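*Asks:* Enclosed is the structure file query05.cif (mmCIF, C-alpha atoms).
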```cif
data_run
loop_
_atom_site.label_atom_id
_atom_site.label_comp_id
_atom_site.auth_asym_id
_atom_site.auth_seq_id
_atom_site.Cartn_x
_atom_site.Cartn_y
_atom_site.Cartn_z
CA MET A 13 73.43 66.64 -30.79
CA VAL A 14 75.17 66.13 -34.11
CA LYS A 15 77.99 64.34 -32.26
CA PHE A 16 75.44 62.01 -30.66
CA LEU A 17 73.89 61.17 -34.03
CA LEU A 18 77.29 60.56 -35.58
CA LEU A 19 78.23 58.29 -32.68
CA ALA A 20 74.93 56.46 -33.04
CA LEU A 21 75.49 55.98 -36.77
CA THR A 22 79.06 54.85 -36.25
CA PHE A 23 77.94 52.47 -33.54
CA GLY A 24 75.16 51.05 -35.70
CA LEU A 25 77.53 50.38 -38.58
CA ALA A 26 80.36 48.98 -36.51
CA HIS A 27 78.31 46.60 -34.31
CA ALA A 28 80.90 47.10 -31.61
CA HIS A 29 79.84 44.03 -29.72
CA ALA A 30 82.86 44.18 -27.46
CA GLU A 31 81.25 47.25 -25.86
CA LEU A 32 77.89 45.50 -25.55
CA GLU A 33 78.89 42.28 -23.87
CA GLY A 34 79.14 41.97 -20.14
CA THR A 35 77.44 42.85 -16.91
CA TRP A 36 75.11 45.84 -17.07
CA TYR A 37 72.48 47.37 -14.79
CA THR A 38 69.44 49.38 -15.82
CA THR A 39 70.05 52.99 -14.84
CA ALA A 40 67.08 54.80 -16.39
CA ILE A 41 64.03 54.04 -18.52
CA ALA A 42 61.73 56.41 -20.41
CA ALA A 43 58.47 55.51 -22.17
CA ASP A 44 55.62 57.32 -23.88
CA ASN A 45 53.20 55.00 -22.02
CA VAL A 46 54.68 55.61 -18.59
CA ASP A 47 52.46 53.03 -16.83
CA THR A 48 54.52 50.27 -18.46
CA ILE A 49 57.70 51.35 -16.63
CA GLU A 50 56.35 52.30 -13.22
CA GLU A 51 57.40 50.08 -10.29
CA GLU A 52 56.17 46.55 -11.01
CA GLY A 53 55.29 47.60 -14.59
CA PRO A 54 55.73 44.91 -17.27
CA LEU A 55 58.50 46.79 -19.11
CA ARG A 56 60.47 47.95 -16.06
CA LEU A 57 63.37 45.64 -16.82
CA TYR A 58 66.35 45.31 -14.51
CA VAL A 59 69.10 44.27 -16.94
CA ARG A 60 71.98 42.09 -15.72
CA GLU A 61 73.87 40.81 -18.75
CA LEU A 62 74.24 41.26 -22.51
CA THR A 63 75.80 38.56 -24.69
CA CYS A 64 76.52 38.63 -28.41
CA SER A 65 76.74 35.62 -30.68
CA GLU A 66 77.08 35.04 -34.42
CA GLY A 67 78.89 38.36 -34.90
CA CYS A 68 76.27 40.04 -32.73
CA ASN A 69 73.45 39.01 -35.07
CA LYS A 70 71.97 37.54 -31.89
CA LEU A 71 71.90 39.60 -28.71
CA GLY A 72 71.04 37.87 -25.46
CA VAL A 73 69.59 40.01 -22.69
CA THR A 74 69.26 38.67 -19.15
CA PHE A 75 67.09 40.76 -16.85
CA TYR A 76 64.67 40.70 -13.94
CA VAL A 77 61.09 41.94 -13.74
CA ASN A 78 59.74 42.69 -10.28
CA ALA A 79 56.03 41.86 -9.99
CA ASN A 80 54.14 41.46 -6.72
CA GLY A 81 57.40 41.85 -4.84
CA GLN A 82 58.91 38.85 -6.65
CA CYS A 83 61.90 39.14 -8.98
CA SER A 84 61.56 36.93 -12.06
CA LYS A 85 64.72 36.27 -14.06
CA THR A 86 64.30 36.15 -17.83
CA THR A 87 66.67 35.75 -20.75
CA ILE A 88 65.56 36.72 -24.23
CA THR A 89 67.40 36.58 -27.55
CA GLY A 90 67.04 39.42 -30.00
CA TYR A 91 67.60 38.51 -33.64
CA MET A 92 69.09 41.17 -35.93
CA GLN A 93 66.66 42.27 -38.64
CA GLU A 94 67.43 43.87 -42.00
CA ASP A 95 66.71 47.33 -40.56
CA GLY A 96 69.49 46.88 -37.97
CA LYS A 97 67.11 46.41 -35.05
CA TYR A 98 66.84 43.31 -32.92
CA ARG A 99 63.48 41.57 -32.68
CA THR A 100 62.19 39.33 -29.91
CA GLN A 101 59.05 38.43 -28.00
CA PHE A 102 58.53 39.71 -24.47
CA GLU A 103 55.20 41.14 -23.32
CA GLY A 104 54.38 41.24 -27.04
CA ASP A 105 56.52 42.03 -30.06
CA ASP A 106 59.72 43.96 -29.32
CA ARG A 107 62.20 45.71 -31.57
CA PHE A 108 65.25 47.31 -30.00
CA LYS A 109 68.58 48.78 -31.00
CA PRO A 110 71.64 50.16 -29.23
CA VAL A 111 72.12 53.74 -30.41
CA HIS A 112 74.98 54.94 -28.22
CA ALA A 113 77.66 53.08 -26.30
CA THR A 114 80.56 54.06 -24.09
CA PRO A 115 82.50 51.86 -21.66
CA ASP A 116 80.14 53.17 -18.92
CA ASN A 117 76.67 53.28 -20.56
CA ILE A 118 74.64 51.94 -23.44
CA VAL A 119 71.47 53.64 -24.69
CA PHE A 120 68.85 51.47 -26.37
CA ILE A 121 65.71 52.53 -28.20
CA SER A 122 62.89 50.04 -28.12
CA GLN A 123 59.35 49.61 -29.36
CA ASN A 124 56.93 47.17 -27.77
CA VAL A 125 53.57 46.21 -29.27
CA ASP A 126 51.68 44.34 -26.58
CA ARG A 127 49.13 41.60 -27.09
CA ALA A 128 46.31 44.17 -27.14
CA GLY A 129 48.06 46.08 -29.96
CA ARG A 130 49.19 49.02 -27.80
CA THR A 131 52.52 50.47 -28.95
CA THR A 132 55.02 51.77 -26.40
CA ASN A 133 58.22 53.59 -27.39
CA LEU A 134 61.02 53.31 -24.86
CA ILE A 135 64.56 54.35 -24.07
CA PHE A 136 66.67 52.12 -21.84
CA VAL A 137 69.96 53.28 -20.36
CA VAL A 138 72.16 50.56 -18.89
CA GLY A 139 75.38 51.19 -17.03
CA LYS A 140 77.93 49.74 -14.66
CA GLY A 141 75.94 50.45 -11.50
CA GLN A 142 76.39 54.21 -11.16
CA PRO A 143 73.55 56.75 -11.44
CA LEU A 144 73.54 59.16 -14.37
CA THR A 145 75.48 62.37 -13.91
CA PRO A 146 73.51 65.62 -14.25
CA GLU A 147 75.05 66.08 -17.72
CA GLN A 148 74.07 62.54 -18.79
CA TYR A 149 70.54 63.06 -17.44
CA GLU A 150 70.26 66.30 -19.44
CA LYS A 151 71.31 64.44 -22.60
CA LEU A 152 68.71 61.77 -21.84
CA GLU A 153 66.05 64.48 -21.50
CA GLU A 154 67.04 65.94 -24.89
CA PHE A 155 66.97 62.49 -26.50
CA ALA A 156 63.57 61.71 -24.93
CA LYS A 157 62.16 64.93 -26.43
CA GLU A 158 63.52 63.94 -29.86
CA ARG A 159 61.78 60.55 -29.49
CA ASN A 160 58.50 62.25 -28.46
CA ILE A 161 58.71 60.88 -24.93
CA PRO A 162 57.81 63.44 -22.25
CA THR A 163 60.76 64.15 -19.95
CA GLU A 164 58.51 63.61 -16.92
CA ASN A 165 58.26 59.98 -18.09
CA ILE A 166 61.95 59.30 -17.36
CA ARG A 167 62.43 56.96 -14.43
CA ASN A 168 65.71 56.53 -12.58
CA VAL A 169 65.41 52.86 -11.72
CA LEU A 170 68.79 52.02 -10.23
CA ALA A 171 67.68 52.80 -6.67
CA THR A 172 64.56 50.58 -6.95
CA ASP A 173 66.49 47.56 -8.22
CA THR A 174 66.20 45.05 -5.38
CA CYS A 175 66.58 41.94 -7.55
CA PRO A 176 69.58 39.59 -7.21
CA GLN A 177 72.83 40.66 -8.80
#
```
Produce structure tokens that represent the structure in this file.
*Replies:*
Amino acid sequence: MVKFLLLALTFGLAHAHAELEGTWYTTAIAADNVDTIEEEGPLRLYVRELTCSEGCNKLGVTFYVNANGQCSKTTITGYMQEDGKYRTQFEGDDRFKPVHATPDNIVFISQNVDRAGRTTNLIFVVGKGQPLTPEQYEKLEEFAKERNIPTENIRNVLATDTCPQ
């Protein structure tokens, strides 16, 4: 776990935007309010692309949401805040931050406060289109526990992604 935290710290300080940019696909999502990430849930995002600009002080995220069997494409821009998190508006106020990146996966933490004031803490894992290995899934379970997200609230979403590439 110490290695993970050191990698997260190193990543946060380095803003390695070369690792962020490109085509990505949502692999897994976890949330303390699991209803938000169930199929057709408002925060079940099917990521397609990440783009950095202004030294990665702006992070563009293109994704689909599937509601009523219809895929809606959305692009948001997160603006880097003083605390190192990006802030944007989607289904309320969102703050998110990449905490671990490899050439194959990026792990984001996110907090959404919806229009009713309900706070949802999330973990998004994006990858290159492959499911998590058992070892990666175990690490995700450990990280979810640390973030006070029940492990039964982890959703493998790659198989349910029917939106356009």
*Asks:* Which is closest to Lys157 of chain A among A:Gln142, A:Gln82, A:Lys97, A:Leu134, if we use only C-alpha atoms?
*Replies:* A:Leu134
*Asks:* For the atom pair atom CA of Tyr37 of chain A and atom CA of Val137 of chain A, what is the interatomic distance in Å to one decimal place?
*Replies:*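 Atom CA of Tyr37 of chain A sits 8.5 Å away from atom CA of Val137 of chain A.
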*Asks:* From the set A:Val59, A:Pro143, A:Asn69, A:Val77, which residue has the shortest atom-to-atom contact distance to Lys109 of chain A, counting only C-alpha atoms?
*Replies:* A:Asn69
*Asks:* Within 6 Å of Ile166 of chain A, counting all atoms listed in the file, which residues qualify if same-chain residues fewer than 2 places away don't, as a list in words?
*Replies:*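 Residues near the query, excluding close chain neighbours: Ile41, Ala42, Thr163 and Glu164 of chain A.
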*Asks:* With all atoms listed in the file counted and 12 Å as the cut-off, give the residues of segment 41-83 of chain A in contact with segment 112-127 of chain A, each with its shortest interatomic distance in Å and the pair that gives it, as a tab-separated table.
*Replies:*
```
residue	atom	partner	partner_atom	distance
A:Ile41	CA	A:Phe120	CA	9.6
A:Ala42	CA	A:Ile121	CA	9.6
A:Ala43	CA	A:Ser122	CA	9.2
A:Asp44	CA	A:Gln123	CA	10.2
A:Asn45	CA	A:Asn124	CA	10.4
A:Thr48	CA	A:Asn124	CA	10.1
A:Ile49	CA	A:Asn124	CA	11.9
A:Pro54	CA	A:Asp126	CA	10.2
A:Leu55	CA	A:Asn124	CA	8.8
A:Val59	CA	A:Ile118	CA	11.5
A:Leu62	CA	A:Ile118	CA	10.7
```
*Asks:* Save the residues we just selected, C-alpha atoms, as a PDB file, in the coordinates of the input?
*Replies:*
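File written: selection-v4.pdb
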```pdb
ATOM      1  CA  ILE A  41      64.030  54.040 -18.520  1.00  0.00           C
ATOM      2  CA  ALA A  42      61.730  56.410 -20.410  1.00  0.00           C
ATOM      3  CA  ALA A  43      58.470  55.510 -22.170  1.00  0.00           C
ATOM      4  CA  ASP A  44      55.620  57.320 -23.880  1.00  0.00           C
ATOM      5  CA  ASN A  45      53.200  55.000 -22.020  1.00  0.00           C
ATOM      6  CA  THR A  48      54.520  50.270 -18.460  1.00  0.00           C
ATOM      7  CA  ILE A  49      57.700  51.350 -16.630  1.00  0.00           C
ATOM      8  CA  PRO A  54      55.730  44.910 -17.270  1.00  0.00           C
ATOM      9  CA  LEU A  55      58.500  46.790 -19.110  1.00  0.00           C
ATOM     10  CA  VAL A  59      69.100  44.270 -16.940  1.00  0.00           C
ATOM     11  CA  LEU A  62      74.240  41.260 -22.510  1.00  0.00           C
TER      12      LEU A  62
END
```
*Asks:* Restricting the calculation to all atoms listed in the file: of A:Val73, A:Arg107, A:Phe136, A:Gly141, which residue gets closest to Gln93 of chain A?
*Replies:* A:Arg107
*Asks:* How far is it from atom CA of Phe102 of chain A to atom CA of Ile88 of chain A, in Å with one decimal?
*Replies:* 7.6 Å
*Asks:* So, with all atoms listed in the file as the atoms that count, which of A:Glu51, A:Glu66, A:Glu154, A:Glu31 lies closest to Met92 of chain A?
*Replies:*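 Nearest candidate to Met92 of chain A out of A:Glu51, A:Glu66, A:Glu154, A:Glu31: A:Glu66.
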*Asks:* Write out as a ChimeraX atom specification which residues come within 9 Å of Ala171 of chain A when counting only C-alpha atoms, dropping same-chain ones fewer than 3 positions away.
*Replies:* /A:39,143,168,174
*Asks:* Emit the selected residues as a tab-separated table (two decimals), in the frame of the given file, including C-alpha atoms.
*Replies:*
```tsv
chain	number	residue	atom	x	y	z
A	39	THR	CA	70.05	52.99	-14.84
A	143	PRO	CA	73.55	56.75	-11.44
A	168	ASN	CA	65.71	56.53	-12.58
A	174	THR	CA	66.20	45.05	-5.38
```
*Asks:* Between A:Gly129, A:Gly139, A:Gly34, A:Gly104, which is the closest to Thr74 of chain A once you count all atoms listed in the file?
*Replies:*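 When distances to Thr74 of chain A are compared using all atoms listed in the file, the smallest one comes from A:Gly34.
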*Asks:* Quick check, in Å to one decimal: how far apart do atom CA of Cys175 of chain A and atom CA of Asn78 of chain A lie?
*Replies:*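 Spanning atom CA of Cys175 of chain A to atom CA of Asn78 of chain A is a straight-line distance of 7.4 Å.
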*Asks:* Find the residue from A:Leu32, A:Ala79, A:Leu152, A:Ala128 that sits nearest to Lys140 of chain A; use only C-alpha atoms when measuring.
*Replies:*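 Residue with the minimum atom-to-atom distance to Lys140 of chain A: A:Leu32.
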*Asks:* Run the PyMOL selection byres ((chain A and resi 85) around 8) on the file and write out the hits as an MDAnalysis selection string.
*Replies:* chainID A and resid 74:77 83:84 86:87
*Asks:* Could I get segment 41-73 of chain A rebuilt with N, CA and C atoms, written as a compact mmCIF listing (two decimals), in the coordinates of the input?
*Replies:*
```
# COMPACT_ATOMS: atom_id res chain seq x y z
N ILE A 41 64.96 54.46 -17.46
CA ILE A 41 64.03 54.04 -18.52
C ILE A 41 63.08 55.21 -18.77
N ALA A 42 62.74 55.42 -20.04
CA ALA A 42 61.73 56.41 -20.41
C ALA A 42 60.76 55.73 -21.37
N ALA A 43 59.48 56.11 -21.28
CA ALA A 43 58.47 55.51 -22.17
C ALA A 43 57.34 56.50 -22.40
N ASP A 44 56.77 56.45 -23.61
CA ASP A 44 55.62 57.32 -23.88
C ASP A 44 54.38 56.84 -23.11
N ASN A 45 54.26 55.55 -22.88
CA ASN A 45 53.20 55.00 -22.02
C ASN A 45 53.85 54.68 -20.68
N VAL A 46 53.89 55.69 -19.81
CA VAL A 46 54.68 55.61 -18.59
C VAL A 46 54.21 54.50 -17.65
N ASP A 47 52.95 54.09 -17.72
CA ASP A 47 52.46 53.03 -16.83
C ASP A 47 53.23 51.72 -17.02
N THR A 48 53.80 51.52 -18.20
CA THR A 48 54.52 50.27 -18.46
C THR A 48 55.86 50.18 -17.74
N ILE A 49 56.37 51.34 -17.28
CA ILE A 49 57.70 51.35 -16.63
C ILE A 49 57.65 51.78 -15.17
N GLU A 50 56.45 51.99 -14.64
CA GLU A 50 56.35 52.30 -13.22
C GLU A 50 56.79 51.08 -12.42
N GLU A 51 57.00 51.22 -11.11
CA GLU A 51 57.40 50.08 -10.29
C GLU A 51 56.40 48.96 -10.49
N GLU A 52 56.92 47.76 -10.72
CA GLU A 52 56.17 46.55 -11.01
C GLU A 52 55.48 46.58 -12.38
N GLY A 53 55.82 47.55 -13.23
CA GLY A 53 55.29 47.60 -14.59
C GLY A 53 55.93 46.51 -15.44
N PRO A 54 55.23 46.04 -16.47
CA PRO A 54 55.73 44.91 -17.27
C PRO A 54 57.00 45.19 -18.05
N LEU A 55 57.31 46.45 -18.33
CA LEU A 55 58.50 46.79 -19.11
C LEU A 55 59.57 47.49 -18.27
N ARG A 56 59.43 47.43 -16.96
CA ARG A 56 60.47 47.95 -16.06
C ARG A 56 61.47 46.81 -15.86
N LEU A 57 62.42 46.74 -16.77
CA LEU A 57 63.37 45.64 -16.82
C LEU A 57 64.65 46.02 -16.08
N TYR A 58 65.10 45.12 -15.23
CA TYR A 58 66.35 45.31 -14.51
C TYR A 58 67.41 44.42 -15.17
N VAL A 59 68.13 45.01 -16.12
CA VAL A 59 69.10 44.27 -16.94
C VAL A 59 70.28 43.83 -16.08
N ARG A 60 70.80 42.63 -16.40
CA ARG A 60 71.98 42.09 -15.72
C ARG A 60 73.12 41.75 -16.66
N GLU A 61 72.79 41.25 -17.86
CA GLU A 61 73.87 40.81 -18.75
C GLU A 61 73.44 40.90 -20.20
N LEU A 62 74.41 41.27 -21.05
CA LEU A 62 74.24 41.26 -22.51
C LEU A 62 75.29 40.33 -23.09
N THR A 63 74.87 39.48 -24.02
CA THR A 63 75.80 38.56 -24.69
C THR A 63 75.53 38.57 -26.19
N CYS A 64 76.61 38.66 -26.95
CA CYS A 64 76.52 38.63 -28.41
C CYS A 64 76.93 37.26 -28.92
N SER A 65 76.28 36.82 -29.98
CA SER A 65 76.74 35.62 -30.68
C SER A 65 76.49 35.80 -32.17
N GLU A 66 77.16 34.97 -32.95
CA GLU A 66 77.08 35.04 -34.42
C GLU A 66 77.36 36.45 -34.92
N GLY A 67 78.50 37.02 -34.47
CA GLY A 67 78.89 38.36 -34.90
C GLY A 67 77.92 39.42 -34.43
N CYS A 68 77.27 39.15 -33.34
CA CYS A 68 76.27 40.04 -32.73
C CYS A 68 74.98 40.11 -33.55
N ASN A 69 74.75 39.11 -34.40
CA ASN A 69 73.45 39.01 -35.07
C ASN A 69 72.39 38.49 -34.10
N LYS A 70 72.85 37.93 -32.99
CA LYS A 70 71.97 37.54 -31.89
C LYS A 70 72.47 38.26 -30.65
N LEU A 71 71.55 38.90 -29.94
CA LEU A 71 71.90 39.60 -28.71
C LEU A 71 71.06 39.03 -27.58
N GLY A 72 71.73 38.40 -26.63
CA GLY A 72 71.04 37.87 -25.46
C GLY A 72 70.96 38.93 -24.38
N VAL A 73 69.80 39.05 -23.77
CA VAL A 73 69.59 40.01 -22.69
C VAL A 73 69.02 39.26 -21.50
```
